[in-house]
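Below: coords_10.txt (compact mmCIF, N, CA and C atoms)
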```
# COMPACT_ATOMS: atom_id res chain seq x y z
N GLN Z 1 -7.61 9.42 28.31
CA GLN Z 1 -6.73 10.23 27.49
C GLN Z 1 -6.61 9.59 26.10
N VAL Z 2 -6.82 10.42 25.08
CA VAL Z 2 -6.73 9.91 23.71
C VAL Z 2 -5.28 9.59 23.37
N GLN Z 3 -5.08 8.45 22.78
CA GLN Z 3 -3.76 8.07 22.27
C GLN Z 3 -3.91 7.62 20.82
N LEU Z 4 -2.94 8.01 20.01
CA LEU Z 4 -2.94 7.66 18.59
C LEU Z 4 -1.64 6.96 18.26
N VAL Z 5 -1.74 5.85 17.55
CA VAL Z 5 -0.55 5.08 17.16
C VAL Z 5 -0.60 4.83 15.67
N GLU Z 6 0.44 5.32 14.98
CA GLU Z 6 0.53 5.15 13.53
C GLU Z 6 1.37 3.94 13.18
N SER Z 7 1.12 3.41 11.99
CA SER Z 7 1.93 2.33 11.45
C SER Z 7 1.88 2.40 9.93
N GLY Z 8 2.84 1.73 9.29
CA GLY Z 8 2.80 1.60 7.84
C GLY Z 8 3.80 2.41 7.06
N GLY Z 9 4.59 3.23 7.72
CA GLY Z 9 5.59 4.00 7.00
C GLY Z 9 6.73 3.12 6.51
N GLY Z 10 7.61 3.72 5.71
CA GLY Z 10 8.76 2.98 5.22
C GLY Z 10 9.35 3.62 3.98
N LEU Z 11 10.19 2.84 3.31
CA LEU Z 11 10.87 3.28 2.09
C LEU Z 11 10.15 2.71 0.88
N VAL Z 12 9.87 3.55 -0.08
CA VAL Z 12 9.20 3.11 -1.30
C VAL Z 12 9.79 3.86 -2.48
N GLN Z 13 9.79 3.24 -3.63
CA GLN Z 13 10.31 3.87 -4.84
C GLN Z 13 9.27 4.85 -5.42
N PRO Z 14 9.73 5.83 -6.15
CA PRO Z 14 8.78 6.74 -6.81
C PRO Z 14 7.79 5.96 -7.68
N GLY Z 15 6.53 6.36 -7.60
CA GLY Z 15 5.48 5.65 -8.32
C GLY Z 15 4.84 4.53 -7.53
N GLY Z 16 5.42 4.20 -6.41
CA GLY Z 16 4.90 3.12 -5.58
C GLY Z 16 3.78 3.56 -4.67
N SER Z 17 3.35 2.62 -3.82
CA SER Z 17 2.23 2.86 -2.91
C SER Z 17 2.59 2.45 -1.49
N LEU Z 18 1.94 3.11 -0.54
CA LEU Z 18 2.02 2.75 0.86
C LEU Z 18 0.65 3.01 1.49
N ARG Z 19 0.38 2.28 2.55
CA ARG Z 19 -0.85 2.50 3.30
C ARG Z 19 -0.49 2.73 4.76
N LEU Z 20 -0.87 3.89 5.26
CA LEU Z 20 -0.67 4.23 6.66
C LEU Z 20 -1.94 3.94 7.43
N SER Z 21 -1.76 3.52 8.67
CA SER Z 21 -2.91 3.26 9.53
C SER Z 21 -2.68 3.90 10.89
N CYS Z 22 -3.76 4.31 11.51
CA CYS Z 22 -3.70 4.94 12.82
C CYS Z 22 -4.87 4.41 13.65
N VAL Z 23 -4.56 3.95 14.84
CA VAL Z 23 -5.60 3.48 15.74
C VAL Z 23 -5.69 4.42 16.94
N MET Z 24 -6.91 4.73 17.32
CA MET Z 24 -7.15 5.63 18.46
C MET Z 24 -7.69 4.83 19.64
N THR Z 25 -7.15 5.11 20.80
CA THR Z 25 -7.67 4.53 22.05
C THR Z 25 -7.92 5.65 23.04
N GLY Z 26 -8.79 5.38 24.01
CA GLY Z 26 -9.00 6.32 25.10
C GLY Z 26 -9.98 7.43 24.83
N GLY Z 27 -10.70 7.38 23.75
CA GLY Z 27 -11.67 8.43 23.46
C GLY Z 27 -12.81 7.91 22.61
N PHE Z 28 -13.76 8.81 22.36
CA PHE Z 28 -14.89 8.43 21.51
C PHE Z 28 -14.54 8.75 20.06
N PHE Z 29 -14.07 7.74 19.36
CA PHE Z 29 -13.56 7.93 18.00
C PHE Z 29 -14.58 8.61 17.10
N SER Z 30 -15.83 8.22 17.23
CA SER Z 30 -16.87 8.73 16.33
C SER Z 30 -17.13 10.22 16.52
N TYR Z 31 -16.61 10.82 17.60
CA TYR Z 31 -16.82 12.24 17.86
C TYR Z 31 -15.66 13.10 17.39
N HIS Z 32 -14.66 12.48 16.75
CA HIS Z 32 -13.47 13.22 16.34
C HIS Z 32 -13.35 13.31 14.83
N ILE Z 33 -12.92 14.48 14.37
CA ILE Z 33 -12.44 14.60 13.00
C ILE Z 33 -11.04 14.00 12.98
N MET Z 34 -10.80 13.12 12.04
CA MET Z 34 -9.50 12.47 11.94
C MET Z 34 -8.75 13.00 10.72
N ALA Z 35 -7.44 13.13 10.85
CA ALA Z 35 -6.66 13.71 9.76
C ALA Z 35 -5.25 13.15 9.77
N TRP Z 36 -4.61 13.32 8.63
CA TRP Z 36 -3.19 13.04 8.49
C TRP Z 36 -2.50 14.35 8.11
N TYR Z 37 -1.41 14.62 8.80
CA TYR Z 37 -0.54 15.74 8.50
C TYR Z 37 0.84 15.18 8.14
N ARG Z 38 1.66 16.01 7.54
CA ARG Z 38 3.04 15.60 7.28
C ARG Z 38 3.97 16.79 7.47
N GLN Z 39 5.20 16.43 7.80
CA GLN Z 39 6.23 17.45 8.03
C GLN Z 39 7.54 16.96 7.45
N ALA Z 40 8.01 17.68 6.44
CA ALA Z 40 9.32 17.40 5.85
C ALA Z 40 10.37 18.21 6.60
N PRO Z 41 11.63 17.77 6.56
CA PRO Z 41 12.69 18.50 7.26
C PRO Z 41 12.74 19.97 6.87
N GLY Z 42 12.74 20.84 7.87
CA GLY Z 42 12.81 22.27 7.61
C GLY Z 42 11.50 22.92 7.24
N ASN Z 43 10.44 22.12 7.17
CA ASN Z 43 9.13 22.66 6.80
C ASN Z 43 8.16 22.61 7.97
N GLN Z 44 7.06 23.32 7.83
CA GLN Z 44 6.00 23.26 8.83
C GLN Z 44 5.17 22.01 8.62
N ARG Z 45 4.38 21.68 9.63
CA ARG Z 45 3.48 20.55 9.54
C ARG Z 45 2.23 20.97 8.77
N ASP Z 46 1.94 20.25 7.71
CA ASP Z 46 0.83 20.61 6.83
C ASP Z 46 -0.23 19.52 6.79
N LEU Z 47 -1.47 19.95 6.60
CA LEU Z 47 -2.57 19.01 6.46
C LEU Z 47 -2.45 18.27 5.13
N VAL Z 48 -2.62 16.95 5.18
CA VAL Z 48 -2.63 16.13 3.97
C VAL Z 48 -4.07 15.78 3.60
N ALA Z 49 -4.80 15.24 4.59
CA ALA Z 49 -6.18 14.81 4.33
C ALA Z 49 -6.92 14.73 5.65
N ALA Z 50 -8.23 14.91 5.58
CA ALA Z 50 -9.07 14.85 6.78
C ALA Z 50 -10.38 14.16 6.44
N VAL Z 51 -10.98 13.54 7.47
CA VAL Z 51 -12.28 12.89 7.28
C VAL Z 51 -13.12 13.14 8.53
N THR Z 52 -14.34 13.57 8.30
CA THR Z 52 -15.26 13.86 9.41
C THR Z 52 -15.89 12.56 9.92
N PRO Z 53 -16.54 12.63 11.09
CA PRO Z 53 -17.22 11.42 11.57
C PRO Z 53 -18.23 10.86 10.58
N GLY Z 54 -18.83 11.72 9.78
CA GLY Z 54 -19.80 11.27 8.79
C GLY Z 54 -19.21 10.79 7.49
N GLY Z 55 -17.89 10.94 7.33
CA GLY Z 55 -17.22 10.44 6.15
C GLY Z 55 -16.88 11.47 5.09
N SER Z 56 -17.18 12.72 5.32
CA SER Z 56 -16.76 13.76 4.36
C SER Z 56 -15.25 13.92 4.42
N THR Z 57 -14.66 14.11 3.24
CA THR Z 57 -13.20 14.17 3.17
C THR Z 57 -12.72 15.49 2.56
N ASP Z 58 -11.47 15.80 2.87
CA ASP Z 58 -10.81 16.98 2.31
C ASP Z 58 -9.35 16.63 2.10
N TYR Z 59 -8.77 17.13 1.02
CA TYR Z 59 -7.40 16.81 0.68
C TYR Z 59 -6.63 18.07 0.31
N SER Z 60 -5.33 18.06 0.57
CA SER Z 60 -4.49 19.13 0.07
C SER Z 60 -4.38 18.97 -1.45
N ASP Z 61 -4.17 20.06 -2.12
CA ASP Z 61 -4.09 20.01 -3.58
C ASP Z 61 -2.96 19.09 -4.05
N SER Z 62 -1.91 19.01 -3.28
CA SER Z 62 -0.73 18.25 -3.71
C SER Z 62 -0.97 16.74 -3.72
N VAL Z 63 -2.02 16.27 -3.05
CA VAL Z 63 -2.24 14.82 -2.98
C VAL Z 63 -3.57 14.40 -3.60
N LYS Z 64 -4.39 15.36 -4.03
CA LYS Z 64 -5.68 15.01 -4.62
C LYS Z 64 -5.50 14.07 -5.81
N GLY Z 65 -6.30 13.02 -5.83
CA GLY Z 65 -6.23 12.05 -6.91
C GLY Z 65 -5.21 10.96 -6.69
N ARG Z 66 -4.34 11.12 -5.68
CA ARG Z 66 -3.32 10.11 -5.40
C ARG Z 66 -3.52 9.45 -4.04
N PHE Z 67 -3.99 10.22 -3.07
CA PHE Z 67 -4.17 9.72 -1.71
C PHE Z 67 -5.66 9.58 -1.40
N THR Z 68 -5.97 8.60 -0.57
CA THR Z 68 -7.34 8.40 -0.11
C THR Z 68 -7.36 8.18 1.40
N ILE Z 69 -8.14 8.97 2.09
CA ILE Z 69 -8.30 8.80 3.54
C ILE Z 69 -9.62 8.08 3.80
N SER Z 70 -9.59 7.18 4.78
CA SER Z 70 -10.79 6.45 5.14
C SER Z 70 -10.76 6.17 6.64
N ARG Z 71 -11.94 5.97 7.21
CA ARG Z 71 -12.02 5.69 8.64
C ARG Z 71 -12.99 4.54 8.88
N ASP Z 72 -12.74 3.85 9.98
CA ASP Z 72 -13.62 2.76 10.40
C ASP Z 72 -14.05 3.08 11.83
N ASN Z 73 -15.30 3.50 11.98
CA ASN Z 73 -15.79 3.93 13.29
C ASN Z 73 -16.04 2.77 14.25
N HIS Z 74 -15.95 1.56 13.77
CA HIS Z 74 -16.08 0.40 14.65
C HIS Z 74 -14.72 -0.06 15.16
N GLU Z 75 -13.71 0.04 14.29
CA GLU Z 75 -12.36 -0.38 14.67
C GLU Z 75 -11.53 0.76 15.22
N ASN Z 76 -12.07 2.00 15.19
CA ASN Z 76 -11.36 3.19 15.67
C ASN Z 76 -10.06 3.43 14.90
N THR Z 77 -10.12 3.24 13.61
CA THR Z 77 -8.93 3.42 12.78
C THR Z 77 -9.18 4.42 11.66
N VAL Z 78 -8.10 5.06 11.26
CA VAL Z 78 -8.12 5.92 10.08
C VAL Z 78 -6.90 5.55 9.25
N ASP Z 79 -7.13 5.35 7.96
CA ASP Z 79 -6.08 4.92 7.05
C ASP Z 79 -5.81 6.00 6.01
N LEU Z 80 -4.62 5.97 5.47
CA LEU Z 80 -4.26 6.83 4.35
C LEU Z 80 -3.60 5.97 3.29
N GLN Z 81 -4.33 5.75 2.21
CA GLN Z 81 -3.79 5.02 1.07
C GLN Z 81 -3.07 6.01 0.17
N MET Z 82 -1.79 5.78 -0.06
CA MET Z 82 -0.97 6.70 -0.84
C MET Z 82 -0.48 5.99 -2.10
N ASN Z 83 -0.89 6.49 -3.24
CA ASN Z 83 -0.50 5.92 -4.53
C ASN Z 83 0.32 6.93 -5.32
N THR Z 84 1.01 6.42 -6.31
CA THR Z 84 1.82 7.25 -7.21
C THR Z 84 2.70 8.21 -6.39
N LEU Z 85 3.41 7.64 -5.47
CA LEU Z 85 4.21 8.47 -4.56
C LEU Z 85 5.37 9.15 -5.28
N LYS Z 86 5.67 10.35 -4.80
CA LYS Z 86 6.73 11.17 -5.37
C LYS Z 86 7.79 11.44 -4.30
N PRO Z 87 9.01 11.76 -4.69
CA PRO Z 87 10.01 12.14 -3.69
C PRO Z 87 9.54 13.29 -2.80
N SER Z 88 8.73 14.18 -3.35
CA SER Z 88 8.23 15.31 -2.57
C SER Z 88 7.24 14.90 -1.49
N ASP Z 89 6.80 13.63 -1.50
CA ASP Z 89 5.91 13.12 -0.44
C ASP Z 89 6.71 12.66 0.78
N THR Z 90 8.03 12.65 0.66
CA THR Z 90 8.87 12.23 1.78
C THR Z 90 8.67 13.16 2.98
N ALA Z 91 8.33 12.56 4.10
CA ALA Z 91 8.04 13.35 5.31
C ALA Z 91 7.72 12.41 6.45
N VAL Z 92 7.65 12.97 7.64
CA VAL Z 92 7.05 12.25 8.77
C VAL Z 92 5.55 12.54 8.73
N TYR Z 93 4.77 11.48 8.75
CA TYR Z 93 3.32 11.60 8.69
C TYR Z 93 2.74 11.40 10.09
N TYR Z 94 1.86 12.33 10.47
CA TYR Z 94 1.28 12.33 11.80
C TYR Z 94 -0.23 12.13 11.71
N CYS Z 95 -0.74 11.28 12.57
CA CYS Z 95 -2.17 11.11 12.73
C CYS Z 95 -2.67 12.16 13.72
N ASN Z 96 -3.82 12.74 13.41
CA ASN Z 96 -4.40 13.79 14.25
C ASN Z 96 -5.87 13.48 14.51
N ALA Z 97 -6.29 13.74 15.74
CA ALA Z 97 -7.69 13.66 16.11
C ALA Z 97 -8.11 14.99 16.72
N ARG Z 98 -9.17 15.56 16.22
CA ARG Z 98 -9.70 16.82 16.75
C ARG Z 98 -11.08 16.58 17.33
N SER Z 99 -11.24 16.93 18.60
CA SER Z 99 -12.51 16.70 19.28
C SER Z 99 -13.54 17.76 18.90
N LEU Z 100 -14.77 17.53 19.32
CA LEU Z 100 -15.84 18.49 19.07
C LEU Z 100 -15.56 19.85 19.71
N HIS Z 101 -14.71 19.84 20.76
CA HIS Z 101 -14.36 21.08 21.46
C HIS Z 101 -13.10 21.72 20.87
N GLY Z 102 -12.56 21.14 19.79
CA GLY Z 102 -11.40 21.73 19.16
C GLY Z 102 -10.07 21.33 19.75
N MET Z 103 -10.06 20.31 20.60
CA MET Z 103 -8.81 19.84 21.19
C MET Z 103 -8.13 18.88 20.22
N ASP Z 104 -6.83 19.09 20.03
CA ASP Z 104 -6.05 18.27 19.10
C ASP Z 104 -5.22 17.23 19.85
N PHE Z 105 -5.20 16.04 19.29
CA PHE Z 105 -4.35 14.96 19.77
C PHE Z 105 -3.49 14.48 18.61
N TRP Z 106 -2.24 14.09 18.94
CA TRP Z 106 -1.29 13.72 17.89
C TRP Z 106 -0.64 12.38 18.18
N GLY Z 107 -0.38 11.64 17.11
CA GLY Z 107 0.48 10.48 17.22
C GLY Z 107 1.93 10.91 17.17
N SER Z 108 2.82 9.95 17.33
CA SER Z 108 4.25 10.25 17.36
C SER Z 108 4.86 10.32 15.97
N GLY Z 109 4.11 9.91 14.95
CA GLY Z 109 4.58 10.04 13.58
C GLY Z 109 5.19 8.77 13.02
N THR Z 110 5.11 8.66 11.70
CA THR Z 110 5.74 7.55 10.99
C THR Z 110 6.41 8.11 9.75
N LEU Z 111 7.64 7.66 9.49
CA LEU Z 111 8.43 8.22 8.40
C LEU Z 111 8.11 7.52 7.09
N VAL Z 112 7.86 8.33 6.08
CA VAL Z 112 7.68 7.85 4.71
C VAL Z 112 8.80 8.44 3.87
N THR Z 113 9.56 7.57 3.23
CA THR Z 113 10.66 8.00 2.37
C THR Z 113 10.41 7.48 0.97
N VAL Z 114 10.36 8.40 0.02
CA VAL Z 114 10.15 8.02 -1.38
C VAL Z 114 11.45 8.30 -2.13
N SER Z 115 12.12 7.23 -2.51
CA SER Z 115 13.43 7.38 -3.12
C SER Z 115 13.78 6.14 -3.92
N SER Z 116 14.55 6.34 -4.99
CA SER Z 116 15.01 5.21 -5.77
C SER Z 116 16.40 4.78 -5.32
```
Any chance you could give the structure as C-alpha cells?
Amino acid sequence: QVQLVESGGGLVQPGGSLRLSCVMTGGFFSYHIMAWYRQAPGNQRDLVAAVTPGGSTDYSDSVKGRFTISRDNHENTVDLQMNTLKPSDTAVYYCNARSLHGMDFWGSGTLVTVSS
C-alpha cells in the first residue's frame, strides 16, 4: 500500500522561502506522477505543481516562477521549493501520487502559513 509522508511546513514571513518534502513508501515510485496540491480554508483542493516520472513539470499560474517541484527516483522523494511566498500561499499542502492506472494516493498534509 502506497503511503506518503510530508514534511517541511511551518510559519514564514511574506517574501520568505520554505521547502516541502514528501517520501513515498510501499509502491514503485518511478511509475507514479507526483504532485503537490493545496487547500486553503473554505476552498477546494487545487493543483500546485506536478512532475512526471521522466521529469516533465507543470505549475499552476499562481506559482509559476516562484515554486519548483523536483523528484528523486532513487530516494523516492518529491520536493517543493517555495520562494517569494505570499499570504495567499497559506494553505495545507498535500503530496499526491497518481499511478499508471489513475489511482490517487494522498499524504495527510502539512500546513504552510505565510504571515508577518
Polymer residues at most 8 Å from Met24 in chain Z, all atoms listed in the file, same-chain spacing of 4 or more positions, as a PDB file with N, CA and C atoms, in the coordinates of the input:
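Wrote it out as result_23.pdb, contents follow:
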```pdb
ATOM      1  N   VAL Z   2      -6.820  10.420  25.080  1.00  0.00           N
ATOM      2  CA  VAL Z   2      -6.730   9.910  23.710  1.00  0.00           C
ATOM      3  C   VAL Z   2      -5.280   9.590  23.370  1.00  0.00           C
ATOM      4  N   GLN Z   3      -5.080   8.450  22.780  1.00  0.00           N
ATOM      5  CA  GLN Z   3      -3.760   8.070  22.270  1.00  0.00           C
ATOM      6  C   GLN Z   3      -3.910   7.620  20.820  1.00  0.00           C
ATOM      7  N   LEU Z   4      -2.940   8.010  20.010  1.00  0.00           N
ATOM      8  CA  LEU Z   4      -2.940   7.660  18.590  1.00  0.00           C
ATOM      9  C   LEU Z   4      -1.640   6.960  18.260  1.00  0.00           C
ATOM     10  N   VAL Z   5      -1.740   5.850  17.550  1.00  0.00           N
ATOM     11  CA  VAL Z   5      -0.550   5.080  17.160  1.00  0.00           C
ATOM     12  C   VAL Z   5      -0.600   4.830  15.670  1.00  0.00           C
ATOM     13  N   GLU Z   6       0.440   5.320  14.980  1.00  0.00           N
ATOM     14  CA  GLU Z   6       0.530   5.150  13.530  1.00  0.00           C
ATOM     15  C   GLU Z   6       1.370   3.940  13.180  1.00  0.00           C
ATOM     16  N   PHE Z  28     -13.760   8.810  22.360  1.00  0.00           N
ATOM     17  CA  PHE Z  28     -14.890   8.430  21.510  1.00  0.00           C
ATOM     18  C   PHE Z  28     -14.540   8.750  20.060  1.00  0.00           C
ATOM     19  N   PHE Z  29     -14.070   7.740  19.360  1.00  0.00           N
ATOM     20  CA  PHE Z  29     -13.560   7.930  18.000  1.00  0.00           C
ATOM     21  C   PHE Z  29     -14.580   8.610  17.100  1.00  0.00           C
ATOM     22  N   GLU Z  75     -13.710   0.040  14.290  1.00  0.00           N
ATOM     23  CA  GLU Z  75     -12.360  -0.380  14.670  1.00  0.00           C
ATOM     24  C   GLU Z  75     -11.530   0.760  15.220  1.00  0.00           C
ATOM     25  N   ASN Z  76     -12.070   2.000  15.190  1.00  0.00           N
ATOM     26  CA  ASN Z  76     -11.360   3.190  15.670  1.00  0.00           C
ATOM     27  C   ASN Z  76     -10.060   3.430  14.900  1.00  0.00           C
ATOM     28  N   THR Z  77     -10.120   3.240  13.610  1.00  0.00           N
ATOM     29  CA  THR Z  77      -8.930   3.420  12.780  1.00  0.00           C
ATOM     30  C   THR Z  77      -9.180   4.420  11.660  1.00  0.00           C
ATOM     31  N   VAL Z  78      -8.100   5.060  11.260  1.00  0.00           N
ATOM     32  CA  VAL Z  78      -8.120   5.920  10.080  1.00  0.00           C
ATOM     33  C   VAL Z  78      -6.900   5.550   9.250  1.00  0.00           C
TER      34      VAL Z  78
END
```
How far is it from CA of Gly107 in chain Z to atom C of Tyr94 in chain Z, in Å with one decimal?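 Computed distance, CA of Gly107 in chain Z to atom C of Tyr94 in chain Z, equals 5.8 Å.
In this structure, CA of Val23 in chain Z sits 15.3 Å away from atom N of Thr52 in chain Z.
Minimum atom-to-atom distance to Thr25 in chain Z, evaluated using only C-alpha atoms, belongs to Z:Asn73 out of Z:Asn73, Z:Ser60, Z:Gln39, Z:Gln44.
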What lies within 5 Å of range 68-70 of chain Z using all atoms listed in the file, ignoring chain neighbours under 4 positions off, as a PyMOL selection string? chain Z and resi 78-81
Go ahead and save the residues from that selection, with N, CA and C atoms, as a CSV table (one decimal), in the coordinates of the input.
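Output saved as selection-v4.csv:
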```
chain,number,residue,atom,x,y,z
Z,78,VAL,N,-8.1,5.1,11.3
Z,78,VAL,CA,-8.1,5.9,10.1
Z,78,VAL,C,-6.9,5.6,9.2
Z,79,ASP,N,-7.1,5.4,8.0
Z,79,ASP,CA,-6.1,4.9,7.0
Z,79,ASP,C,-5.8,6.0,6.0
Z,80,LEU,N,-4.6,6.0,5.5
Z,80,LEU,CA,-4.3,6.8,4.4
Z,80,LEU,C,-3.6,6.0,3.3
Z,81,GLN,N,-4.3,5.8,2.2
Z,81,GLN,CA,-3.8,5.0,1.1
Z,81,GLN,C,-3.1,6.0,0.2
```
At what distance in Å, to one decimal, does atom N of Gly10 in chain Z lie from CA of Ala35 in chain Z?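 Atom N of Gly10 in chain Z lies at a distance of 17.9 Å from CA of Ala35 in chain Z.
Proximity of Z:Gly42, Z:Met34, Z:Val12, Z:Thr110 to Lys86 in chain Z, computed with only C-alpha atoms, is greatest for Z:Val12.
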Considering all atoms listed in the file, return as a ChimeraX atom specification whatever protein or nucleic-acid residues lie within 7 Å of Gly15 in chain Z, sequence-local ones (same chain, fewer than 2 positions apart) excluded. /Z:12-13,17,83-87
Determine which residues of chain Z DSSP labels as strand (DSSP E or B) from the backbone of this structure, then write them out as a PyMOL selection string. chain Z and resi 3-7+10-12+18-25+33-39+46-51+57-59+67-72+77-82+91-98+104-106+110-114
Of the candidates Z:Phe105, Z:Ala50, Z:Thr57, Z:Arg66, which one gets nearest to Gly16 in chain Z if we count only C-alpha atoms? Z:Arg66
Could you check which of Z:Leu18, Z:Ala49, Z:Ala91, Z:Leu100 is closest to Val112 in chain Z, using all atoms listed in the file? Z:Ala91
